[in-house]
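Structure file my_file19.cif (mmCIF, C-alpha atoms and all ligand atoms) follows.
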```cif
data_work
#
loop_
_atom_site.label_atom_id
_atom_site.label_comp_id
_atom_site.auth_asym_id
_atom_site.auth_seq_id
_atom_site.Cartn_x
_atom_site.Cartn_y
_atom_site.Cartn_z
CA MET Y 111 -37.47 -9.82 -16.03
CA TYR Y 112 -34.35 -8.23 -14.64
CA THR Y 113 -33.02 -9.60 -11.36
CA ALA Y 114 -30.32 -7.57 -9.65
CA ASP Y 115 -27.46 -9.83 -8.71
CA ILE Y 116 -25.81 -7.81 -5.93
CA LYS Y 117 -22.35 -9.08 -5.01
CA PRO Y 118 -22.57 -11.04 -1.73
CA GLU Y 119 -20.23 -8.68 0.18
CA ILE Y 120 -22.54 -5.78 -0.71
CA ALA Y 121 -25.84 -7.65 -0.21
CA SER Y 122 -24.90 -8.48 3.38
CA LEU Y 123 -23.56 -5.02 4.18
CA ALA Y 124 -24.79 -3.03 7.19
CA PRO Y 125 -24.51 0.67 6.29
CA TYR Y 126 -22.49 3.24 8.23
CA ALA Y 127 -24.80 4.65 10.90
CA PRO Y 128 -24.25 8.41 11.21
CA GLY Y 129 -25.37 10.60 14.12
CA LEU Y 130 -29.06 11.55 13.85
CA SER Y 131 -29.68 14.74 11.93
CA ILE Y 132 -31.26 17.89 13.34
CA ASP Y 133 -34.01 17.92 10.68
CA LEU Y 134 -35.02 14.34 11.42
CA ILE Y 135 -35.40 14.95 15.15
CA ARG Y 136 -37.26 18.20 14.57
CA GLU Y 137 -39.78 16.32 12.39
CA GLN Y 138 -40.13 13.35 14.74
CA TYR Y 139 -40.38 15.12 18.08
CA GLY Y 140 -41.61 18.54 17.03
CA CYS Y 141 -38.98 20.32 19.14
CA SER Y 142 -38.31 23.83 17.92
CA GLN Y 143 -34.72 23.98 19.08
CA ILE Y 144 -32.41 21.03 18.57
CA ILE Y 145 -28.90 20.69 19.94
CA LYS Y 146 -26.72 18.18 18.10
CA LEU Y 147 -23.79 16.79 20.04
CA ALA Y 148 -23.47 13.53 18.13
CA SER Y 149 -20.92 13.75 15.31
CA ASN Y 150 -17.87 15.47 16.83
CA GLU Y 151 -18.46 18.62 14.81
CA ASN Y 152 -16.92 21.99 15.72
CA PRO Y 153 -18.45 23.66 18.82
CA LEU Y 154 -18.03 27.13 17.28
CA GLY Y 155 -19.59 26.33 13.90
CA ALA Y 156 -17.85 27.44 10.71
CA SER Y 157 -14.95 29.90 10.63
CA PRO Y 158 -15.95 33.36 9.33
CA CYS Y 159 -12.93 33.24 6.99
CA VAL Y 160 -14.17 29.94 5.53
CA GLN Y 161 -17.66 31.35 5.01
CA GLU Y 162 -16.22 34.40 3.32
CA ALA Y 163 -13.98 32.28 1.03
CA ILE Y 164 -16.96 30.18 -0.06
CA ALA Y 165 -19.02 33.28 -0.85
CA ARG Y 166 -16.11 34.84 -2.72
CA HIS Y 167 -15.64 31.78 -4.93
CA ALA Y 168 -19.29 30.93 -5.50
CA ASN Y 169 -19.07 32.34 -9.04
CA ALA Y 170 -16.29 29.88 -9.93
CA VAL Y 171 -18.30 26.71 -9.38
CA PHE Y 172 -18.97 26.23 -13.11
CA ARG Y 173 -15.27 25.32 -13.49
CA TYR Y 174 -13.73 21.94 -12.81
CA PRO Y 175 -11.15 21.99 -10.00
CA ARG Y 176 -7.50 21.85 -11.01
CA GLY Y 177 -6.26 18.25 -11.12
CA GLY Y 178 -4.29 17.23 -8.04
CA ASN Y 179 -5.36 20.30 -6.01
CA PRO Y 180 -1.84 21.78 -6.16
CA ARG Y 181 -2.52 24.93 -4.09
CA MET Y 182 -3.92 22.96 -1.17
CA ILE Y 183 -1.04 20.48 -1.39
CA GLU Y 184 1.45 23.37 -1.36
CA ALA Y 185 -0.23 24.97 1.67
CA LEU Y 186 -0.30 21.71 3.65
CA ALA Y 187 3.31 20.87 2.77
CA LYS Y 188 4.30 24.24 4.22
CA HIS Y 189 1.98 23.93 7.23
CA HIS Y 190 3.41 20.57 8.30
CA SER Y 191 6.93 20.90 6.79
CA VAL Y 192 6.53 17.69 4.82
CA PRO Y 193 7.45 17.01 1.17
CA LYS Y 194 4.63 17.62 -1.33
CA GLU Y 195 5.27 14.20 -2.85
CA ARG Y 196 3.98 12.54 0.31
CA LEU Y 197 0.72 14.49 0.61
CA ILE Y 198 -2.66 13.23 -0.57
CA LEU Y 199 -6.11 14.86 -0.43
CA GLY Y 200 -9.53 13.27 -0.36
CA ASN Y 201 -13.25 13.96 -0.17
CA GLY Y 202 -12.98 13.68 3.61
CA SER Y 203 -10.47 11.29 5.14
CA ASP Y 204 -13.23 8.73 4.54
CA GLU Y 205 -12.29 8.68 0.86
CA ILE Y 206 -8.63 8.17 1.73
CA ILE Y 207 -9.47 5.25 4.03
CA ASP Y 208 -11.51 3.64 1.26
CA LEU Y 209 -8.82 4.15 -1.38
CA LEU Y 210 -5.96 2.89 0.80
CA ILE Y 211 -7.86 -0.36 1.24
CA ARG Y 212 -8.58 -0.64 -2.48
CA ILE Y 213 -5.02 0.25 -3.49
CA LEU Y 214 -3.21 -2.01 -1.04
CA VAL Y 215 -5.37 -4.97 -0.06
CA GLY Y 216 -6.10 -7.83 -2.46
CA LYS Y 217 -8.71 -10.57 -2.20
CA ASP Y 218 -6.74 -12.99 -0.05
CA GLN Y 219 -5.17 -10.28 2.06
CA SER Y 220 -6.52 -8.52 5.12
CA ILE Y 221 -6.61 -5.51 7.39
CA VAL Y 222 -6.28 -5.36 11.18
CA CYS Y 223 -8.26 -2.94 13.32
CA CYS Y 224 -9.61 -2.71 16.85
CA ALA Y 225 -13.02 -3.67 18.23
CA PRO Y 226 -14.62 -1.28 18.79
CA CYS Y 227 -13.13 1.21 16.35
CA PHE Y 228 -14.23 3.85 13.83
CA THR Y 229 -16.75 1.73 11.93
CA LEU Y 230 -15.70 2.89 8.49
CA TYR Y 231 -12.51 0.77 8.50
CA PRO Y 232 -14.29 -2.61 8.64
CA ILE Y 233 -17.19 -1.38 6.48
CA GLN Y 234 -14.93 -0.24 3.60
CA ALA Y 235 -12.95 -3.48 3.95
CA ALA Y 236 -16.18 -5.47 3.59
CA ILE Y 237 -17.14 -3.48 0.49
CA ALA Y 238 -13.73 -4.27 -1.00
CA GLY Y 239 -14.30 -7.96 -0.20
CA VAL Y 240 -11.38 -7.96 2.19
CA ALA Y 241 -11.21 -9.63 5.61
CA ALA Y 242 -10.90 -7.46 8.73
CA SER Y 243 -9.21 -9.03 11.72
CA ARG Y 244 -10.62 -7.34 14.82
CA VAL Y 245 -8.64 -7.01 18.03
CA PRO Y 246 -10.56 -6.16 21.21
CA LEU Y 247 -9.53 -3.06 23.14
CA LYS Y 248 -8.47 -3.57 26.74
CA THR Y 249 -11.23 -3.02 29.30
CA ASP Y 250 -9.98 0.54 29.95
CA PHE Y 251 -10.31 1.26 26.18
CA SER Y 252 -6.55 1.38 25.66
CA PHE Y 253 -4.93 -0.46 22.73
CA ASP Y 254 -3.71 -4.02 23.21
CA PHE Y 255 -0.55 -3.49 21.17
CA GLN Y 256 0.75 -7.00 21.75
CA ALA Y 257 -2.50 -8.59 20.55
CA LEU Y 258 -2.52 -6.26 17.53
CA VAL Y 259 0.99 -7.36 16.58
CA ASP Y 260 -0.04 -10.99 17.12
CA HIS Y 261 -2.90 -10.54 14.62
CA VAL Y 262 -0.59 -9.15 11.92
CA THR Y 263 0.31 -11.91 9.46
CA PRO Y 264 2.34 -11.90 6.25
CA SER Y 265 -0.92 -11.25 4.36
CA THR Y 266 -1.91 -8.19 6.43
CA ARG Y 267 -1.57 -5.09 4.26
CA LEU Y 268 -3.06 -2.41 6.53
CA VAL Y 269 -3.42 -1.78 10.26
CA PHE Y 270 -5.74 1.05 11.34
CA LEU Y 271 -5.21 2.91 14.59
CA THR Y 272 -7.11 6.05 15.67
CA THR Y 273 -5.21 8.39 17.99
CA PRO Y 274 -6.88 9.86 20.01
CA ASP Y 275 -9.29 6.99 19.65
CA ASN Y 276 -12.95 7.23 18.71
CA PRO Y 277 -15.20 6.59 20.66
CA SER Y 278 -13.12 6.72 23.88
CA GLY Y 279 -10.76 9.70 23.47
CA TYR Y 280 -7.83 7.56 24.64
CA CYS Y 281 -4.45 8.72 23.29
CA PRO Y 282 -1.44 6.37 23.44
CA LYS Y 283 2.06 7.73 23.96
CA GLY Y 284 4.06 8.58 20.84
CA GLU Y 285 6.81 6.14 21.90
CA GLU Y 286 4.32 3.29 22.19
CA VAL Y 287 3.05 3.95 18.67
CA LEU Y 288 6.62 4.09 17.35
CA ALA Y 289 7.45 0.76 19.00
CA PHE Y 290 4.27 -0.68 17.52
CA ALA Y 291 5.23 0.49 14.00
CA ALA Y 292 8.65 -1.13 14.43
CA ALA Y 293 7.09 -4.41 15.60
CA ILE Y 294 4.80 -4.46 12.54
CA GLU Y 295 7.67 -3.77 10.17
CA LYS Y 296 9.63 -6.67 11.65
CA LYS Y 297 6.75 -9.08 11.26
CA ALA Y 298 5.20 -7.86 7.99
CA PRO Y 299 7.39 -5.57 5.91
CA ARG Y 300 4.57 -5.10 3.35
CA CYS Y 301 2.08 -3.84 5.92
CA LEU Y 302 1.25 -0.13 6.27
CA LEU Y 303 0.24 1.29 9.66
CA VAL Y 304 -2.40 3.98 9.18
CA ILE Y 305 -2.63 6.38 12.10
CA ASP Y 306 -5.86 8.33 11.91
CA GLU Y 307 -5.17 11.62 13.72
CA ALA Y 308 -8.64 13.12 13.08
CA TYR Y 309 -8.72 14.42 16.68
CA MET Y 310 -5.02 14.85 17.43
CA ASP Y 311 -4.97 18.64 17.56
CA PHE Y 312 -7.46 18.50 20.48
CA SER Y 313 -4.92 16.54 22.52
CA PRO Y 314 -2.96 18.35 25.23
CA THR Y 315 -0.06 16.02 24.38
CA GLU Y 316 -0.09 16.55 20.60
CA ALA Y 317 3.53 17.77 20.54
CA THR Y 318 4.88 14.45 21.85
CA ASP Y 319 2.14 11.97 20.93
CA SER Y 320 1.58 12.91 17.28
CA LEU Y 321 4.15 11.29 15.03
CA LEU Y 322 3.34 14.03 12.50
CA ILE Y 323 3.97 16.97 14.85
CA SER Y 324 7.03 15.39 16.49
CA ASN Y 325 8.34 14.72 12.96
CA LYS Y 326 8.98 11.03 13.61
CA ILE Y 327 6.98 9.26 10.91
CA PRO Y 328 8.52 5.82 10.22
CA ASP Y 329 8.71 4.45 6.65
CA ASN Y 330 5.77 2.10 7.11
CA VAL Y 331 3.38 4.70 8.57
CA ALA Y 332 0.68 6.90 7.00
CA ILE Y 333 -0.93 9.74 8.97
CA LEU Y 334 -4.48 10.91 8.26
CA ARG Y 335 -5.93 14.28 9.22
CA THR Y 336 -9.18 16.05 8.43
CA PHE Y 337 -10.77 19.50 8.13
CA SER Y 338 -14.03 18.08 9.49
CA LYS Y 339 -13.44 18.54 13.19
CA SER Y 340 -11.19 21.30 14.56
CA TYR Y 341 -11.46 23.30 11.31
CA GLY Y 342 -15.26 23.10 11.27
CA MET Y 343 -15.71 21.88 7.69
CA ALA Y 344 -17.47 18.48 8.06
CA GLY Y 345 -20.08 19.35 5.42
CA LEU Y 346 -17.51 20.38 2.80
CA ARG Y 347 -15.55 17.09 2.86
CA LEU Y 348 -11.80 17.60 2.95
CA GLY Y 349 -9.23 15.27 4.46
CA TYR Y 350 -5.54 14.64 3.86
CA GLY Y 351 -2.81 12.16 4.45
CA ILE Y 352 0.98 12.06 4.74
CA VAL Y 353 1.93 8.73 3.21
CA PRO Y 354 4.98 6.96 1.72
CA GLU Y 355 5.74 8.46 -1.69
CA GLN Y 356 4.95 5.30 -3.68
CA ILE Y 357 1.51 5.18 -2.09
CA ALA Y 358 0.89 8.87 -2.86
CA ASP Y 359 1.72 8.16 -6.49
CA ALA Y 360 -0.71 5.22 -6.64
CA PHE Y 361 -3.34 7.26 -4.79
CA TRP Y 362 -3.40 10.11 -7.33
CA ARG Y 363 -3.76 7.62 -10.17
CA THR Y 364 -6.66 5.88 -8.41
CA ARG Y 365 -8.66 8.79 -6.96
CA LEU Y 366 -11.52 10.18 -9.02
CA PRO Y 367 -10.07 13.30 -10.64
CA PHE Y 368 -12.36 15.93 -9.05
CA SER Y 369 -13.39 14.41 -5.73
CA VAL Y 370 -12.10 17.46 -3.82
CA ASN Y 371 -14.28 20.28 -5.11
CA ILE Y 372 -13.41 23.93 -5.74
CA LEU Y 373 -15.19 25.30 -2.67
CA ALA Y 374 -13.65 22.70 -0.35
CA GLU Y 375 -10.22 23.64 -1.61
CA GLU Y 376 -10.77 27.40 -1.20
CA ALA Y 377 -12.32 26.81 2.23
CA GLY Y 378 -9.41 24.61 3.29
CA LEU Y 379 -6.92 27.30 2.33
CA ALA Y 380 -8.91 29.89 4.29
CA ALA Y 381 -9.22 27.54 7.28
CA LEU Y 382 -5.46 26.97 7.45
CA GLY Y 383 -4.99 30.73 7.45
CA ASP Y 384 -7.54 31.35 10.21
CA THR Y 385 -5.37 30.49 13.21
CA VAL Y 386 -7.61 32.60 15.47
CA PHE Y 387 -10.68 30.40 14.87
CA HIS Y 388 -8.66 27.19 15.18
CA GLN Y 389 -7.08 28.35 18.44
CA LYS Y 390 -10.44 29.44 19.85
CA THR Y 391 -11.88 26.03 18.96
CA LEU Y 392 -9.09 24.23 20.82
CA GLU Y 393 -9.51 26.49 23.86
CA THR Y 394 -13.28 25.94 23.93
CA VAL Y 395 -12.85 22.18 23.70
CA THR Y 396 -10.20 22.13 26.42
CA LEU Y 397 -12.33 24.16 28.86
CA GLU Y 398 -15.59 22.38 28.13
CA ARG Y 399 -13.97 18.93 28.25
CA ALA Y 400 -12.80 19.55 31.83
CA ARG Y 401 -16.08 21.13 32.90
CA LEU Y 402 -18.40 18.51 31.38
CA SER Y 403 -16.26 15.62 32.53
CA GLN Y 404 -16.40 16.87 36.14
CA ALA Y 405 -20.12 17.59 35.92
CA LEU Y 406 -20.84 14.06 34.64
CA LYS Y 407 -18.76 12.60 37.46
CA ASP Y 408 -20.71 14.74 39.92
CA LEU Y 409 -23.84 13.03 38.54
CA HIS Y 410 -22.14 9.67 39.35
CA CYS Y 411 -21.55 8.81 35.70
CA THR Y 412 -18.36 6.98 34.72
CA VAL Y 413 -16.37 9.17 32.32
CA TRP Y 414 -13.30 8.03 30.38
CA PRO Y 415 -10.31 10.36 30.10
CA SER Y 416 -10.45 12.02 26.67
CA SER Y 417 -7.88 13.83 24.52
CA ALA Y 418 -10.50 14.55 21.86
CA ASN Y 419 -13.59 16.77 21.44
CA PHE Y 420 -15.99 14.19 22.88
CA LEU Y 421 -16.51 12.19 26.07
CA LEU Y 422 -17.39 8.52 26.48
CA PHE Y 423 -19.51 7.82 29.54
CA THR Y 424 -21.87 5.39 31.21
CA LEU Y 425 -24.77 6.21 33.51
CA PRO Y 426 -24.72 5.49 37.25
CA PRO Y 427 -25.65 1.92 38.19
CA LYS Y 428 -29.32 1.14 38.93
CA THR Y 429 -30.71 3.90 36.81
CA LEU Y 430 -32.19 3.92 33.31
CA SER Y 431 -30.48 2.24 30.33
CA ALA Y 432 -28.21 4.14 27.95
CA LYS Y 433 -30.81 3.63 25.21
CA ASP Y 434 -33.64 5.09 27.30
CA CYS Y 435 -31.47 8.01 28.34
CA PHE Y 436 -30.54 8.65 24.70
CA GLU Y 437 -34.23 8.64 23.74
CA GLN Y 438 -35.29 10.91 26.59
CA LEU Y 439 -32.59 13.36 25.60
CA LEU Y 440 -33.97 13.28 22.04
CA ARG Y 441 -37.38 14.22 23.39
CA ALA Y 442 -35.71 17.17 25.10
CA GLY Y 443 -34.23 18.14 21.71
CA ILE Y 444 -30.69 16.98 22.43
CA ILE Y 445 -28.95 14.50 20.15
CA ILE Y 446 -25.98 12.58 21.55
CA ARG Y 447 -24.65 9.20 20.40
CA HIS Y 448 -25.83 5.85 21.76
CA LEU Y 449 -22.97 3.49 20.93
CA LYS Y 450 -24.87 0.33 20.08
CA GLY Y 451 -23.36 0.56 16.60
CA TYR Y 452 -19.96 0.20 18.25
CA ASP Y 453 -21.20 -2.84 20.21
CA LEU Y 454 -21.27 -0.73 23.35
CA PRO Y 455 -25.01 -0.72 24.21
CA GLN Y 456 -24.43 0.68 27.70
CA HIS Y 457 -22.19 3.53 26.58
CA LEU Y 458 -22.95 7.04 25.41
CA ARG Y 459 -20.74 9.53 23.63
CA ILE Y 460 -21.24 13.27 23.75
CA THR Y 461 -19.51 15.72 21.45
CA LEU Y 462 -18.39 18.83 23.31
CA GLY Y 463 -20.58 21.70 22.18
CA ASN Y 464 -20.31 25.34 23.15
CA HIS Y 465 -20.87 26.43 26.75
CA GLU Y 466 -24.63 26.95 26.39
CA GLU Y 467 -25.20 23.67 24.56
CA ASN Y 468 -23.26 21.69 27.16
CA THR Y 469 -25.14 23.43 29.96
CA ALA Y 470 -28.48 22.58 28.30
CA PHE Y 471 -27.36 18.94 28.00
CA LEU Y 472 -26.35 18.78 31.67
CA HIS Y 473 -29.62 20.34 32.71
CA ALA Y 474 -31.61 17.78 30.69
CA LEU Y 475 -29.52 14.82 31.90
CA ARG Y 476 -29.80 15.94 35.53
CA SER Y 477 -33.56 16.06 35.27
CA ILE Y 478 -33.75 12.66 33.51
CA LEU Y 479 -31.61 11.02 36.19
CA HIS Y 480 -33.52 12.77 38.94
CA GLN Y 481 -36.90 11.59 37.61
CA THR Y 482 -35.66 8.03 37.27
CA ASN Y 483 -34.31 8.00 40.80
CA GLY Y 484 -37.58 9.47 41.99
CA THR Y 485 -39.67 6.70 40.43
CA THR Y 486 -37.43 3.75 41.29
CA ALA Y 487 -36.44 4.80 44.83
C1 LIG Y 501 -14.60 12.07 12.03
C2 LIG Y 501 -13.55 11.07 11.73
C3 LIG Y 501 -12.84 11.13 10.54
C4 LIG Y 501 -13.06 12.25 9.57
O1 LIG Y 501 -13.72 11.86 8.47
P1 LIG Y 501 -13.93 12.88 7.25
O2 LIG Y 501 -14.26 11.96 6.15
O3 LIG Y 501 -12.63 13.61 7.05
O4 LIG Y 501 -15.02 13.79 7.65
C5 LIG Y 501 -11.84 10.21 10.30
N1 LIG Y 501 -11.55 9.27 11.21
C6 LIG Y 501 -12.20 9.20 12.39
C7 LIG Y 501 -11.80 8.19 13.39
C8 LIG Y 501 -13.24 10.08 12.67
O5 LIG Y 501 -13.91 9.98 13.82
#
```

Mind turning the file's structure into structure tokens?
Amino acid sequence: MYTADIKPEIASLAPYAPGLSIDLIREQYGCSQIIKLASNENPLGASPCVQEAIARHANAVFRYPRGGNPRMIEALAKHHSVPKERLILGNGSDEIIDLLIRILVGKDQSIVCCAPCFTLYPIQAAIAGVAASRVPLKTDFSFDFQALVDHVTPSTRLVFLTTPDNPSGYCPKGEEVLAFAAAIEKKAPRCLLVIDEAYMDFSPTEATDSLLISNKIPDNVAILRTFSKSYGMAGLRLGYGIVPEQIADAFWRTRLPFSVNILAEEAGLAALGDTVFHQKTLETVTLERARLSQALKDLHCTVWPSSANFLLFTLPPKTLSAKDCFEQLLRAGIIIRHLKGYDLPQHLRITLGNHEENTAFLHALRSILHQTNGTTA
């Protein structure tokens, strides 16, 4: 009889826990209308230009994509004024994260990342059988740069940093990140600093705090960006990186040949061209971030400053638990994120939706808090 002998690093693996899906909650709670504010998706939905591009190219899906996605690479090189040779594309930036680990980190080598951080970094490291050295954030959710440098050893091959950070929205200054890159290079010249800028275009300080936009990418730094958030294409899977040329070369040899599909590529080209939709998205996020943050504070929640399209918050003291609040919101048809998966059982994260969605959330939260106060007072 066959016995599956799963490799130990896979057998013990906890899977990535995504935000709950709309269909699941509809089935479980029988709500007719569900509002999902759990996965940092675009508050305005999909760009009309992207939808039109997908429809226009639907008849081409019997073809394989062109190897190396040259049109998308050309468009991004122009968009960011970077050399084509340093650009890579993946099936979401998730694929790039996974491949960087597999390309650069061997069995007795390691990665460094924060705790908490985007959970995919340690998960993909575990799958690759590679150790992840976790460095706690400071209590205000800022990065402990000194401790991060202290954890870098000669066998560290990758350091992951998310700016603005997920799940807090904290964005370090560009100069701090530059100094950090220099400190890593001094200590471990074979270590690459990966700066995941998935949310950077939502930041009011992008011009100075993004090493990509300020055109100050050091030799030992890779920048990751994605079409999943501000471009509204999470379901199509398209991410990209600006990396040292030698790594780009290794990446293209390693990546599965057709992992970026034809529709994702056409959609990405259309999305880059639709500056109106992108701008409107950024404006919506900026307005709603200020409004929702103030409204949560008015409800006596603690809200962390955010440069991204989500807010991290805790409930007022002596009220219900974050878990109970999360579940009551589900019953009201509103999905947010309870951060137990990030080891933050008392914290909640809400993705900024459109004006109506955020208003519905506030209304539901107000009534949940009010009821709780009513019964415990
Ligand atoms: C959402 C997110 C991404 C984007 O992942 P895709 O695979 O491009 O959808 C990358 N990094 C972080 C930190 C994220 O939160």

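Between Leu230 (chain Y) and the candidates Y:Ala124, Y:Val259, Y:Val331, Y:Ile135, the tightest atom-to-atom separation, counting all atoms listed in the file, involves Y:Ala124.
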
Spatial neighbours of region 317-319 of chain Y, 8 Å, all atoms listed in the file, chain gap at least 6 places, as a PyMOL selection string = chain Y and resi 281-285

Extract, using only C-alpha atoms, all DNA, RNA and protein residues at most 8 Å from region 242-247 of chain Y, discarding same-chain residues fewer than 3 positions from it, and format them as number ranges by chain.
-> Y: 220-226, 232, 235-236, 250-254, 257-258, 261

Residues within 10 Å of (-8.9, 5.6, -2.4), file coords, only C-alpha atoms, listed as a PyMOL selection string | chain Y and resi 199-201+203-214+360-366

Restricting to only C-alpha atoms, whichever of Y:Gly155, Y:Gly178, Y:Pro125, Y:Gly202 is closest to Ala358 (chain Y) is Y:Gly178

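Between CA of Gly342 (chain Y) and CA of Ser191 (chain Y) lies a distance of 22.7 Å.
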
Go through the chains and note each residue within 6 Å of ligand LIG 501 (chain Y), using only C-alpha atoms and all ligand atoms, then give the set as a PDB file with C-alpha atoms, keeping the file's coordinate frame.
```pdb
ATOM      1  CA  GLY Y 202     -12.980  13.680   3.610  1.00  0.00           C
ATOM      2  CA  SER Y 203     -10.470  11.290   5.140  1.00  0.00           C
ATOM      3  CA  ASP Y 204     -13.230   8.730   4.540  1.00  0.00           C
ATOM      4  CA  PHE Y 228     -14.230   3.850  13.830  1.00  0.00           C
ATOM      5  CA  THR Y 272      -7.110   6.050  15.670  1.00  0.00           C
ATOM      6  CA  ASN Y 276     -12.950   7.230  18.710  1.00  0.00           C
ATOM      7  CA  ASP Y 306      -5.860   8.330  11.910  1.00  0.00           C
ATOM      8  CA  ALA Y 308      -8.640  13.120  13.080  1.00  0.00           C
ATOM      9  CA  THR Y 336      -9.180  16.050   8.430  1.00  0.00           C
ATOM     10  CA  SER Y 338     -14.030  18.080   9.490  1.00  0.00           C
ATOM     11  CA  ALA Y 344     -17.470  18.480   8.060  1.00  0.00           C
ATOM     12  CA  ARG Y 347     -15.550  17.090   2.860  1.00  0.00           C
ATOM     13  CA  LEU Y 348     -11.800  17.600   2.950  1.00  0.00           C
ATOM     14  CA  GLY Y 349      -9.230  15.270   4.460  1.00  0.00           C
TER      15      GLY Y 349
END
```

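Contact shell of Leu422 (chain Y) at 7 Å (only C-alpha atoms; same-chain neighbours under 6 positions omitted): Pro277, Ser278, Val413, Trp414, His457, Leu458, Arg459 and Ile460 of chain Y.
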
Go ahead and fit an axis-aligned box to every listed atom of region 279-286 of chain Y plus 6 Å each side, and pass me the centre and edge lengths in Å, one decimal, as lines of an AutoDock Vina configuration file.
```
center_x = -2.0
center_y = 6.5
center_z = 22.7
size_x = 29.6
size_y = 18.4
size_z = 15.8
```

Residues near region 385-392 of chain Y, cut-off 8 Å, all atoms listed in the file, skip fewer than 4 positions along chain, as a VMD selection string = chain Y and resid 152 to 154 157 311 to 312 340 to 341 381 396
